[in-house]
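Undergrad: The following file, data_32.cif, comprises mmCIF, C-alpha atoms and all ligand atoms:
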data_input
loop_
_atom_site.label_atom_id
_atom_site.label_comp_id
_atom_site.auth_asym_id
_atom_site.auth_seq_id
_atom_site.Cartn_x
_atom_site.Cartn_y
_atom_site.Cartn_z
CA MET M 683 -48.35 65.08 -73.03
CA SER M 684 -50.92 67.07 -74.95
CA SER M 685 -50.44 70.56 -76.36
CA PRO M 686 -49.95 73.42 -75.57
CA ILE M 687 -46.22 72.74 -75.51
CA THR M 688 -45.57 75.79 -73.31
CA ASP M 689 -45.31 76.17 -69.54
CA VAL M 690 -48.57 77.07 -67.81
CA PRO M 691 -49.22 78.89 -64.52
CA ILE M 692 -49.68 76.73 -61.43
CA PRO M 693 -53.42 76.05 -60.94
CA ALA M 694 -54.95 77.02 -57.58
CA HIS M 695 -55.52 73.39 -56.49
CA VAL M 696 -51.82 72.41 -56.88
CA PRO M 697 -49.87 72.82 -53.60
CA ALA M 698 -46.64 74.77 -54.19
CA GLU M 699 -44.53 72.09 -52.47
CA LEU M 700 -45.55 69.53 -55.14
CA VAL M 701 -44.33 71.60 -58.08
CA CYS M 702 -41.26 70.36 -59.98
CA ASP M 703 -39.85 71.59 -63.27
CA THR M 704 -39.44 68.25 -65.06
CA ASP M 705 -39.88 68.32 -68.83
CA ILE M 706 -40.55 64.69 -69.69
CA VAL M 707 -39.53 65.08 -73.33
CA ASN M 708 -36.56 67.45 -73.26
CA ASP M 709 -34.91 67.37 -69.81
CA PRO M 710 -31.16 66.68 -70.24
CA ASP M 711 -31.28 64.80 -66.94
CA LEU M 712 -33.96 62.48 -68.24
CA LEU M 713 -32.27 62.00 -71.59
CA ALA M 714 -29.04 61.06 -69.79
CA ASP M 715 -30.81 58.28 -67.82
CA PRO M 716 -34.61 58.41 -67.46
CA TYR M 717 -34.68 55.67 -64.77
CA ALA M 718 -32.25 57.45 -62.47
CA ALA M 719 -33.99 60.78 -63.15
CA PHE M 720 -37.43 59.40 -62.16
CA ASP M 721 -35.97 57.63 -59.11
CA ARG M 722 -34.57 60.98 -57.96
CA LEU M 723 -37.88 62.66 -58.67
CA ARG M 724 -39.74 60.09 -56.55
CA GLU M 725 -37.49 61.02 -53.61
CA LYS M 726 -39.21 64.46 -53.71
CA GLY M 727 -42.66 62.89 -53.42
CA ASN M 728 -44.97 60.17 -54.70
CA ILE M 729 -47.04 62.76 -56.56
CA LEU M 730 -45.65 65.91 -58.19
CA TRP M 731 -46.89 68.50 -60.67
CA SER M 732 -44.95 70.00 -63.58
CA PRO M 733 -45.90 73.21 -65.46
CA LYS M 734 -44.13 71.90 -68.60
CA LEU M 735 -45.89 70.69 -71.77
CA GLY M 736 -49.20 72.21 -70.83
CA GLY M 737 -49.02 71.26 -67.12
CA HIS M 738 -49.49 67.75 -65.72
CA TRP M 739 -49.21 65.57 -62.65
CA ILE M 740 -46.48 62.94 -62.37
CA VAL M 741 -47.50 59.98 -60.19
CA LEU M 742 -44.43 58.07 -58.99
CA GLY M 743 -45.38 55.98 -55.92
CA ALA M 744 -46.21 52.29 -56.43
CA HIS M 745 -49.52 52.37 -54.54
CA GLU M 746 -50.69 55.57 -56.18
CA VAL M 747 -49.82 54.36 -59.71
CA ARG M 748 -51.64 51.08 -59.10
CA GLU M 749 -54.73 52.89 -57.80
CA ALA M 750 -54.83 55.18 -60.85
CA PHE M 751 -54.51 52.23 -63.26
CA GLN M 752 -57.36 50.40 -61.55
CA LYS M 753 -59.64 53.44 -61.25
CA ALA M 754 -60.06 53.59 -65.02
CA ASP M 755 -63.41 55.45 -65.04
CA THR M 756 -61.83 58.41 -63.26
CA PHE M 757 -58.41 58.19 -64.93
CA SER M 758 -59.56 58.21 -68.57
CA ASN M 759 -57.45 57.01 -71.47
CA TYR M 760 -58.59 59.85 -73.71
CA PRO M 761 -56.75 61.82 -74.77
CA THR M 762 -53.60 59.80 -74.16
CA GLY M 763 -51.63 62.86 -75.16
CA ILE M 764 -48.69 61.13 -76.78
CA PRO M 765 -46.60 63.52 -78.85
CA PRO M 766 -46.27 63.44 -81.83
CA LEU M 767 -49.27 61.12 -82.23
CA ASN M 768 -51.74 63.43 -80.54
CA GLU M 769 -51.02 66.02 -83.21
CA PHE M 770 -51.22 63.50 -85.99
CA TRP M 771 -54.08 61.09 -85.32
CA PRO M 772 -57.52 62.63 -85.93
CA ARG M 773 -59.66 60.06 -84.08
CA LYS M 774 -59.47 57.81 -81.03
CA LEU M 775 -57.03 54.92 -81.23
CA ILE M 776 -58.93 51.65 -80.66
CA PRO M 777 -59.02 50.23 -78.02
CA GLN M 778 -56.30 52.29 -76.27
CA GLU M 779 -58.19 55.60 -76.16
CA LEU M 780 -61.65 54.21 -75.36
CA ASP M 781 -63.08 53.93 -71.87
CA GLY M 782 -65.65 51.76 -70.08
CA ASP M 783 -68.05 49.52 -72.04
CA ASP M 784 -66.94 51.01 -75.35
CA HIS M 785 -63.40 49.88 -74.60
CA LYS M 786 -64.54 46.40 -73.54
CA ARG M 787 -66.51 45.85 -76.77
CA TYR M 788 -63.53 46.48 -79.05
CA ARG M 789 -60.91 44.90 -76.83
CA ARG M 790 -62.96 41.69 -76.79
CA LEU M 791 -62.52 41.44 -80.58
CA LEU M 792 -58.74 41.49 -80.30
CA THR M 793 -58.18 39.38 -77.20
CA PRO M 794 -58.33 35.96 -78.95
CA PHE M 795 -55.46 36.95 -81.27
CA PHE M 796 -53.13 37.69 -78.37
CA SER M 797 -53.86 34.84 -75.96
CA PRO M 798 -50.92 32.56 -75.04
CA SER M 799 -52.32 29.75 -77.22
CA ALA M 800 -52.77 32.10 -80.19
CA ILE M 801 -49.26 33.49 -80.11
CA ARG M 802 -47.43 30.23 -79.27
CA PRO M 803 -47.49 29.03 -82.91
CA MET M 804 -45.59 32.22 -83.86
CA ALA M 805 -42.59 31.09 -81.78
CA ASP M 806 -40.97 29.10 -84.60
CA SER M 807 -40.96 31.97 -87.07
CA ILE M 808 -39.76 34.44 -84.37
CA ARG M 809 -36.95 32.02 -83.49
CA ALA M 810 -35.97 31.53 -87.14
CA ARG M 811 -35.89 35.27 -87.80
CA THR M 812 -33.94 35.99 -84.61
CA HIS M 813 -31.46 33.25 -85.51
CA GLU M 814 -31.00 34.77 -88.95
CA LEU M 815 -30.44 38.27 -87.50
CA ILE M 816 -27.93 37.13 -84.86
CA SER M 817 -26.05 34.91 -87.35
CA GLN M 818 -25.20 38.05 -89.31
CA PHE M 819 -22.93 39.32 -86.49
CA ALA M 820 -22.24 36.30 -84.27
CA ASP M 821 -18.61 36.01 -85.38
CA ARG M 822 -17.89 39.74 -85.46
CA ASP M 823 -16.14 41.77 -82.74
CA GLU M 824 -18.91 44.35 -82.38
CA VAL M 825 -22.54 45.00 -83.28
CA GLU M 826 -24.97 47.89 -83.07
CA PHE M 827 -27.74 45.86 -81.45
CA VAL M 828 -30.70 48.22 -82.02
CA ASP M 829 -30.33 48.21 -85.82
CA ALA M 830 -29.19 44.59 -85.98
CA VAL M 831 -31.94 42.93 -83.88
CA ALA M 832 -34.16 45.19 -81.78
CA ARG M 833 -35.60 47.17 -84.68
CA PRO M 834 -36.01 44.53 -87.45
CA LEU M 835 -37.44 41.71 -85.31
CA PRO M 836 -40.75 43.30 -84.18
CA SER M 837 -41.47 44.44 -87.76
CA THR M 838 -41.36 40.86 -88.98
CA VAL M 839 -43.64 39.77 -86.14
CA PHE M 840 -46.15 42.50 -87.04
CA LEU M 841 -46.10 41.46 -90.71
CA ASP M 842 -46.63 37.84 -89.67
CA LEU M 843 -49.61 38.85 -87.52
CA PHE M 844 -51.13 40.85 -90.37
CA GLY M 845 -50.39 38.17 -92.98
CA LEU M 846 -48.07 40.47 -94.95
CA PRO M 847 -44.98 39.58 -96.99
CA LEU M 848 -41.87 39.61 -94.80
CA GLU M 849 -39.83 41.42 -97.48
CA GLN M 850 -41.57 44.61 -96.35
CA ALA M 851 -39.93 44.47 -92.90
CA ASP M 852 -37.34 47.17 -93.65
CA VAL M 853 -39.98 49.60 -94.89
CA PHE M 854 -42.06 49.14 -91.71
CA THR M 855 -39.00 49.48 -89.51
CA ASP M 856 -38.14 52.76 -91.19
CA TRP M 857 -41.70 54.13 -90.95
CA THR M 858 -41.89 53.44 -87.21
CA TYR M 859 -38.54 55.09 -86.62
CA GLN M 860 -39.40 58.17 -88.69
CA LEU M 861 -42.85 58.47 -87.12
CA LEU M 862 -41.70 58.36 -83.51
CA HIS M 863 -38.03 59.28 -83.40
CA SER M 864 -37.11 61.45 -86.38
CA GLY M 865 -37.40 64.56 -84.22
CA SER M 866 -38.86 66.31 -87.28
CA HIS M 867 -42.52 67.20 -87.50
CA GLU M 868 -42.53 66.85 -91.32
CA LYS M 869 -40.78 63.47 -91.38
CA SER M 870 -43.01 62.14 -88.65
CA ALA M 871 -46.18 63.28 -90.46
CA GLU M 872 -44.93 61.84 -93.76
CA ALA M 873 -44.10 58.44 -92.21
CA GLY M 874 -47.48 58.36 -90.43
CA GLN M 875 -49.21 59.14 -93.71
CA ASN M 876 -47.31 56.32 -95.44
CA VAL M 877 -48.49 53.84 -92.81
CA VAL M 878 -52.07 55.05 -93.09
CA THR M 879 -52.13 54.92 -96.90
CA TYR M 880 -50.70 51.41 -96.77
CA LEU M 881 -53.21 50.22 -94.16
CA ILE M 882 -56.21 51.78 -95.97
CA GLU M 883 -55.29 49.91 -99.13
CA LEU M 884 -54.76 46.68 -97.25
CA ILE M 885 -58.09 46.97 -95.41
CA ALA M 886 -59.88 47.42 -98.73
CA GLN M 887 -58.14 44.32 -100.09
CA ARG M 888 -59.00 42.21 -97.03
CA ARG M 889 -62.62 43.33 -97.22
CA GLN M 890 -62.88 42.03 -100.78
CA ASP M 891 -60.68 39.00 -100.37
CA PRO M 892 -60.49 37.91 -96.70
CA LYS M 893 -57.55 35.78 -95.56
CA ASP M 894 -56.89 33.89 -92.36
CA ASP M 895 -55.34 36.82 -90.48
CA LEU M 896 -56.06 39.47 -87.85
CA LEU M 897 -56.81 42.25 -90.30
CA SER M 898 -59.34 40.16 -92.25
CA THR M 899 -61.12 39.29 -89.00
CA LEU M 900 -61.24 42.96 -87.97
CA THR M 901 -62.40 44.03 -91.41
CA ASN M 902 -65.32 41.64 -91.23
CA ALA M 903 -66.04 41.96 -87.49
CA VAL M 904 -69.40 42.99 -86.06
CA VAL M 905 -69.80 45.10 -82.90
CA ASP M 906 -73.32 45.61 -81.46
CA GLY M 907 -74.82 44.15 -84.63
CA GLU M 908 -72.97 46.62 -86.90
CA PRO M 909 -69.91 45.80 -89.01
CA LEU M 910 -66.81 47.81 -88.10
CA THR M 911 -66.45 50.84 -90.36
CA PRO M 912 -63.24 51.21 -92.41
CA ASP M 913 -62.21 54.05 -90.03
CA GLU M 914 -62.67 51.81 -86.98
CA VAL M 915 -60.58 49.06 -88.59
CA LEU M 916 -57.93 51.66 -89.41
CA ASP M 917 -57.91 53.10 -85.86
CA THR M 918 -57.31 49.59 -84.52
CA ALA M 919 -54.72 48.55 -87.12
CA PHE M 920 -52.78 51.80 -86.62
CA LEU M 921 -52.72 51.30 -82.86
CA LEU M 922 -51.39 47.75 -83.28
CA PHE M 923 -48.70 49.11 -85.56
CA ILE M 924 -47.44 51.66 -83.03
CA ALA M 925 -48.09 49.48 -79.96
CA GLY M 926 -46.17 46.41 -81.04
CA LEU M 927 -43.16 47.70 -82.94
CA ASP M 928 -41.46 50.52 -81.10
CA THR M 929 -42.17 49.04 -77.66
CA VAL M 930 -40.45 45.71 -78.29
CA THR M 931 -37.52 47.49 -79.98
CA SER M 932 -37.06 49.77 -76.99
CA GLN M 933 -37.50 47.03 -74.39
CA LEU M 934 -34.91 44.85 -76.15
CA GLY M 935 -32.44 47.74 -76.21
CA VAL M 936 -32.94 48.51 -72.53
CA VAL M 937 -32.65 44.84 -71.47
CA PHE M 938 -29.42 44.31 -73.42
CA HIS M 939 -28.03 47.62 -72.18
CA HIS M 940 -28.37 46.22 -68.66
CA LEU M 941 -26.91 42.82 -69.59
CA ALA M 942 -23.91 44.45 -71.30
CA GLN M 943 -23.06 46.04 -67.95
CA HIS M 944 -23.71 42.88 -65.91
CA PRO M 945 -21.49 40.02 -67.13
CA GLU M 946 -22.41 38.01 -64.02
CA LEU M 947 -26.07 37.98 -65.08
CA GLN M 948 -25.11 36.94 -68.63
CA GLN M 949 -23.05 34.13 -67.08
CA GLN M 950 -26.00 32.97 -64.95
CA LEU M 951 -28.29 32.89 -68.00
CA ARG M 952 -25.70 30.99 -70.04
CA GLU M 953 -25.24 28.39 -67.33
CA ASP M 954 -28.94 28.10 -66.59
CA PRO M 955 -31.13 29.11 -69.56
CA GLU M 956 -34.15 27.92 -67.55
CA SER M 957 -33.75 31.06 -65.46
CA ILE M 958 -34.35 33.33 -68.48
CA PRO M 959 -38.11 33.83 -67.83
CA ALA M 960 -37.44 34.83 -64.19
CA ALA M 961 -34.66 37.18 -65.29
CA LEU M 962 -36.95 38.73 -67.88
CA GLU M 963 -39.64 39.44 -65.26
CA GLU M 964 -37.07 41.21 -63.09
CA LEU M 965 -35.70 43.16 -66.07
CA LEU M 966 -39.25 44.22 -66.92
CA ARG M 967 -39.79 45.32 -63.32
CA VAL M 968 -36.61 47.37 -63.16
CA TYR M 969 -36.96 48.81 -66.69
CA PRO M 970 -40.54 49.69 -67.68
CA ILE M 971 -40.34 51.76 -70.87
CA VAL M 972 -43.89 53.20 -71.08
CA PRO M 973 -45.24 55.82 -68.64
CA PRO M 974 -48.94 55.90 -69.65
CA ALA M 975 -50.92 59.15 -69.55
CA ARG M 976 -54.45 59.76 -68.24
CA THR M 977 -57.00 62.59 -68.06
CA LEU M 978 -59.30 63.06 -65.03
CA THR M 979 -63.04 62.71 -65.69
CA GLU M 980 -63.96 63.88 -62.17
CA ASP M 981 -62.35 65.40 -59.09
CA TYR M 982 -60.45 62.75 -57.16
CA THR M 983 -58.11 62.51 -54.20
CA LEU M 984 -55.11 60.27 -54.85
CA GLY M 985 -52.51 59.68 -52.14
CA GLY M 986 -53.95 62.64 -50.20
CA VAL M 987 -53.55 64.99 -53.18
CA GLU M 988 -56.58 66.65 -54.80
CA PHE M 989 -56.86 66.20 -58.58
CA LYS M 990 -59.42 68.16 -60.61
CA THR M 991 -61.54 67.16 -63.62
CA GLY M 992 -59.51 67.66 -66.81
CA ASP M 993 -56.10 67.35 -65.10
CA THR M 994 -53.54 65.41 -67.12
CA VAL M 995 -51.52 62.71 -65.37
CA LEU M 996 -48.40 60.77 -66.24
CA LEU M 997 -48.17 57.38 -64.51
CA ALA M 998 -44.43 56.92 -63.98
CA ALA M 999 -44.35 53.14 -64.35
CA SER M 1000 -40.59 52.87 -63.84
CA ALA M 1001 -40.58 54.84 -60.59
CA ALA M 1002 -43.53 52.74 -59.33
CA SER M 1003 -41.96 49.34 -59.87
CA ARG M 1004 -38.67 50.58 -58.36
CA ASP M 1005 -40.38 52.03 -55.28
CA PRO M 1006 -38.25 51.34 -52.16
CA GLU M 1007 -41.45 51.14 -50.09
CA VAL M 1008 -42.23 47.93 -51.98
CA TYR M 1009 -38.76 46.44 -52.75
CA ASP M 1010 -35.39 46.28 -51.04
CA ASN M 1011 -32.64 47.33 -53.47
CA PRO M 1012 -35.35 48.14 -56.02
CA ASP M 1013 -33.03 48.97 -58.91
CA VAL M 1014 -31.15 45.65 -58.64
CA VAL M 1015 -32.13 42.74 -60.93
CA GLU M 1016 -32.39 39.76 -58.57
CA LEU M 1017 -33.25 36.42 -60.13
CA HIS M 1018 -34.73 34.89 -57.02
CA ARG M 1019 -36.69 37.82 -55.68
CA GLY M 1020 -40.04 36.09 -56.24
CA GLY M 1021 -43.48 37.69 -56.22
CA SER M 1022 -42.37 40.73 -58.17
CA TRP M 1023 -44.96 42.72 -60.05
CA THR M 1024 -44.21 45.03 -62.90
CA THR M 1025 -45.98 48.05 -64.29
CA ALA M 1026 -44.17 47.49 -67.62
CA PHE M 1027 -47.39 46.39 -69.31
CA GLY M 1028 -49.72 48.67 -67.35
CA MET M 1029 -52.53 47.40 -65.13
CA GLY M 1030 -56.31 47.35 -65.05
CA PRO M 1031 -58.58 47.27 -68.12
CA HIS M 1032 -55.96 48.66 -70.53
CA ARG M 1033 -53.27 46.20 -69.51
CA CYS M 1034 -51.11 45.49 -72.56
CA LEU M 1035 -52.90 43.17 -74.94
CA GLY M 1036 -49.60 42.15 -76.54
CA SER M 1037 -47.77 41.23 -73.33
CA HIS M 1038 -47.61 37.49 -74.09
CA LEU M 1039 -46.34 38.19 -77.58
CA ALA M 1040 -43.81 40.71 -76.26
CA ARG M 1041 -42.58 38.27 -73.59
CA GLN M 1042 -42.28 35.56 -76.26
CA GLU M 1043 -40.16 37.82 -78.49
CA LEU M 1044 -37.96 38.97 -75.60
CA THR M 1045 -37.46 35.44 -74.26
CA ILE M 1046 -36.43 34.09 -77.67
CA VAL M 1047 -33.91 36.88 -78.23
CA LEU M 1048 -32.44 36.30 -74.76
CA GLU M 1049 -32.22 32.54 -75.34
CA LEU M 1050 -30.53 32.85 -78.72
CA MET M 1051 -28.16 35.64 -77.69
CA VAL M 1052 -26.77 33.65 -74.75
CA GLU M 1053 -26.57 30.56 -76.97
CA MET M 1054 -25.03 32.13 -80.07
CA VAL M 1055 -22.67 34.91 -78.97
CA PRO M 1056 -19.90 35.14 -76.37
CA GLU M 1057 -19.95 37.54 -73.40
CA PHE M 1058 -20.58 41.12 -74.47
CA GLU M 1059 -20.05 44.57 -72.98
CA LEU M 1060 -20.69 48.16 -74.00
CA ALA M 1061 -18.17 48.97 -76.76
CA PRO M 1062 -15.50 51.47 -75.78
CA GLY M 1063 -16.71 54.95 -76.63
CA HIS M 1064 -20.38 53.90 -76.61
CA GLU M 1065 -22.58 56.70 -75.29
CA SER M 1066 -26.03 55.74 -74.02
CA LYS M 1067 -28.36 58.30 -75.64
CA TRP M 1068 -31.98 57.94 -74.56
CA HIS M 1069 -35.17 59.12 -76.20
CA THR M 1070 -38.54 59.55 -74.49
CA ALA M 1071 -40.66 60.74 -77.45
CA GLY M 1072 -43.92 58.92 -78.18
CA ASN M 1073 -44.11 58.04 -74.47
CA VAL M 1074 -41.73 55.13 -75.05
CA TRP M 1075 -38.28 55.27 -73.46
CA GLY M 1076 -35.47 53.74 -75.46
CA LEU M 1077 -31.87 53.93 -76.60
CA ASP M 1078 -31.00 55.36 -80.02
CA LYS M 1079 -28.05 52.99 -80.38
CA LEU M 1080 -26.46 50.16 -78.42
CA GLN M 1081 -22.95 49.34 -79.55
CA LEU M 1082 -21.87 45.99 -78.07
CA ARG M 1083 -18.38 44.46 -78.10
CA PHE M 1084 -17.90 40.72 -77.82
CA LYS M 1085 -15.19 39.27 -75.62
CA LYS M 1086 -13.41 36.62 -77.66
C1 LIG S 1101 -42.15 45.11 -74.45
C2 LIG S 1101 -43.13 45.45 -75.26
C3 LIG S 1101 -44.36 46.16 -74.83
C4 LIG S 1101 -44.56 47.02 -73.79
C5 LIG S 1101 -43.55 47.47 -72.75
C6 LIG S 1101 -45.95 47.43 -73.83
C7 LIG S 1101 -46.54 48.26 -72.91
C8 LIG S 1101 -47.87 48.59 -72.89
C9 LIG S 1101 -48.52 49.37 -71.86
C10 LIG S 1101 -47.83 49.98 -70.65
C11 LIG S 1101 -49.83 49.45 -72.17
C12 LIG S 1101 -50.91 50.13 -71.34
C13 LIG S 1101 -51.13 51.54 -71.79
C14 LIG S 1101 -52.11 52.27 -70.91
O1 LIG S 1101 -52.38 51.86 -69.78
O2 LIG S 1101 -52.59 53.31 -71.36
C15 LIG S 1101 -50.03 48.75 -73.42
C16 LIG S 1101 -51.24 48.64 -74.08
C17 LIG S 1101 -51.39 47.98 -75.27
N1 LIG S 1101 -50.45 47.22 -75.93
FE1 LIG S 1101 -48.54 46.92 -75.36
N2 LIG S 1101 -46.56 46.83 -74.90
C18 LIG S 1101 -45.64 46.04 -75.53
C19 LIG S 1101 -45.85 45.25 -76.64
C20 LIG S 1101 -47.04 45.13 -77.31
C21 LIG S 1101 -47.26 44.31 -78.48
C22 LIG S 1101 -46.22 43.38 -79.11
C23 LIG S 1101 -48.55 44.51 -78.87
C24 LIG S 1101 -49.33 43.91 -80.01
C25 LIG S 1101 -48.92 43.72 -81.19
C26 LIG S 1101 -49.15 45.44 -77.94
C27 LIG S 1101 -50.44 45.89 -78.01
C28 LIG S 1101 -51.03 46.71 -77.07
C29 LIG S 1101 -52.41 47.17 -77.16
C30 LIG S 1101 -53.40 46.84 -78.27
C31 LIG S 1101 -52.63 47.98 -76.04
C32 LIG S 1101 -53.92 48.71 -75.68
C33 LIG S 1101 -54.75 47.86 -74.76
C34 LIG S 1101 -56.03 48.52 -74.32
O3 LIG S 1101 -56.12 49.75 -74.35
O4 LIG S 1101 -56.93 47.78 -73.95
N3 LIG S 1101 -48.20 45.80 -77.01
N4 LIG S 1101 -48.82 48.21 -73.83
#
Kindly present the structure from the file in structure tokens form.

TA:
Amino acid sequence: MSSPITDVPIPAHVPAELVCDTDIVNDPDLLADPYAAFDRLREKGNILWSPKLGGHWIVLGAHEVREAFQKADTFSNYPTGIPPLNEFWPRKLIPQELDGDDHKRYRRLLTPFFSPSAIRPMADSIRARTHELISQFADRDEVEFVDAVARPLPSTVFLDLFGLPLEQADVFTDWTYQLLHSGSHEKSAEAGQNVVTYLIELIAQRRQDPKDDLLSTLTNAVVDGEPLTPDEVLDTAFLLFIAGLDTVTSQLGVVFHHLAQHPELQQQLREDPESIPAALEELLRVYPIVPPARTLTEDYTLGGVEFKTGDTVLLAASAASRDPEVYDNPDVVELHRGGSWTTAFGMGPHRCLGSHLARQELTIVLELMVEMVPEFELAPGHESKWHTAGNVWGLDKLQLRFKK
């Protein structure tokens, strides 16, 4: 959440019984297993308040999270308060940090690039790249899955989308990692600056010499009769960079972490690859990786609790889609549950623009992993270390061992 990074006194409108001491970035409990930690927190109440990181609400109940997502005029997306980005980015990220009509105007520009029919043609190159990555370890005994697949794949997809040479994938992968997970303020600022310098140069090139790609369209787009300024193009391109790389990496890690501990699910997917889309929906329901943040624009009563203008709120997506009031055995991945809804991609006007692309990437990796490698499990000695920085939950490493 936003600075100050210190504890604050409990405001008068926060009932004492709703106060918890959860630190969503540093709690050892959360870093051991954020899903279990948030499930336990929800048992204390659907809405809690923490004095950590400047003081904020944590909304955990399914109905309350849904209501906040839908009530977007009251629960504003600015500032999103994502450390370290909130300290680094000087302007609003487009369209993520815009509200109301302003948000609609810019989102409309991007929507055609992310529709199912627009992203379907990318499937062949995603499949080819995934095949190439998996081939490099398919006959080995072990692999560190995050570095081998989860991190490099989304970089290549981003480069494809932006019409950039695929040889730059490693550089982009490294920049994302340093920006969001280096744990060092200097490294994070340096990586962010590298991305910005690169994008500024690219935007200038596309303005002079447009190509058939997303960035050229943005560079030459017109909103309300005015061409987008170079800053507006940059604010959009930078958001796409952070929105589409780290998220897919983290989601892949979390999905394969579950599969490594559930050989029976791997078996089901191997025997019936047609069930992969249903399995993915359940995995997304049980393991949302992004808890979006909001700031109140007016006083509002949510779930019987009074929020005040200016309050900061974390929408605990994972706790919401594992709410026992909505699902029996909520933390169990059940292929034939039917009618499940996930908060993994958010809801309401800011619902993830890249969800079709993300699902396509995840589905292809699942298909090729069950096709190309034998049963896998967590390697002996593997320790699941989680990170929650950048408001994206993920695993630093995922060491898998194949059963031969
Ligand atoms: C598994 C992968 C992904 C997950 C879990 C994810 C999750 C989310 C969530 C929860 C939001 C809503 C944030 C909010 O309500 O404040 C969001 C928004 C967004 N996502 Fe994704 N995302 C993923 C992949 C992608 C990809 C691949 C792209 C595009 C390259 C993308 C682009 C965006 C954009 C542009 C927004 C902002 C939409 C708006 O404000 O209107 N995402 N994402």

Undergrad: Quick one: pull the distance between CA of Ile971 (chain M) and CA of Leu996 (chain M), Å, one decimal.

TA: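 Straight-line distance from CA of Ile971 (chain M) to CA of Leu996 (chain M) works out to 12.9 Å.
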
Undergrad: Might you pull out every residue within 7 Å of region 1064-1080 of chain M, with all atoms listed in the file counted and same-chain residues fewer than 6 positions away left off, and present them as an MDAnalysis selection string?

TA: chainID M and resid 707 713:715 764:766 826:828 862:863 929 932 935:936 939 971:973

Undergrad: Between M:Asp917, M:Asp852, M:Glu1059, M:Glu988, which residue has the minimum interatomic distance to ligand LIG 1101 (chain S), considering all atoms listed in the file?

TA: M:Asp917

Undergrad: Skip region 908-913 of chain M itself and residues of its chain fewer than 6 positions away, then list as a list in words all residues within 8 Å of it, counting all atoms listed in the file.

TA: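 Neighbouring residues, sequence-local ones excluded: Ile882, Ile885, Leu900, Thr901 and Asn902 of chain M.
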
Undergrad: How would the residues just picked look written out with C-alpha atoms as a compact mmCIF listing (two decimals), keeping the file's coordinate frame?

TA:
# COMPACT_ATOMS: atom_id res chain seq x y z
CA ILE M 882 -56.21 51.78 -95.97
CA ILE M 885 -58.09 46.97 -95.41
CA LEU M 900 -61.24 42.96 -87.97
CA THR M 901 -62.40 44.03 -91.41
CA ASN M 902 -65.32 41.64 -91.23

Undergrad: Record the distance separating CA of Val1015 (chain M) and CA of Tyr969 (chain M), expressed in Å with one decimal.

TA: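 Calculated distance between CA of Val1015 (chain M) and CA of Tyr969 (chain M) is 9.7 Å.
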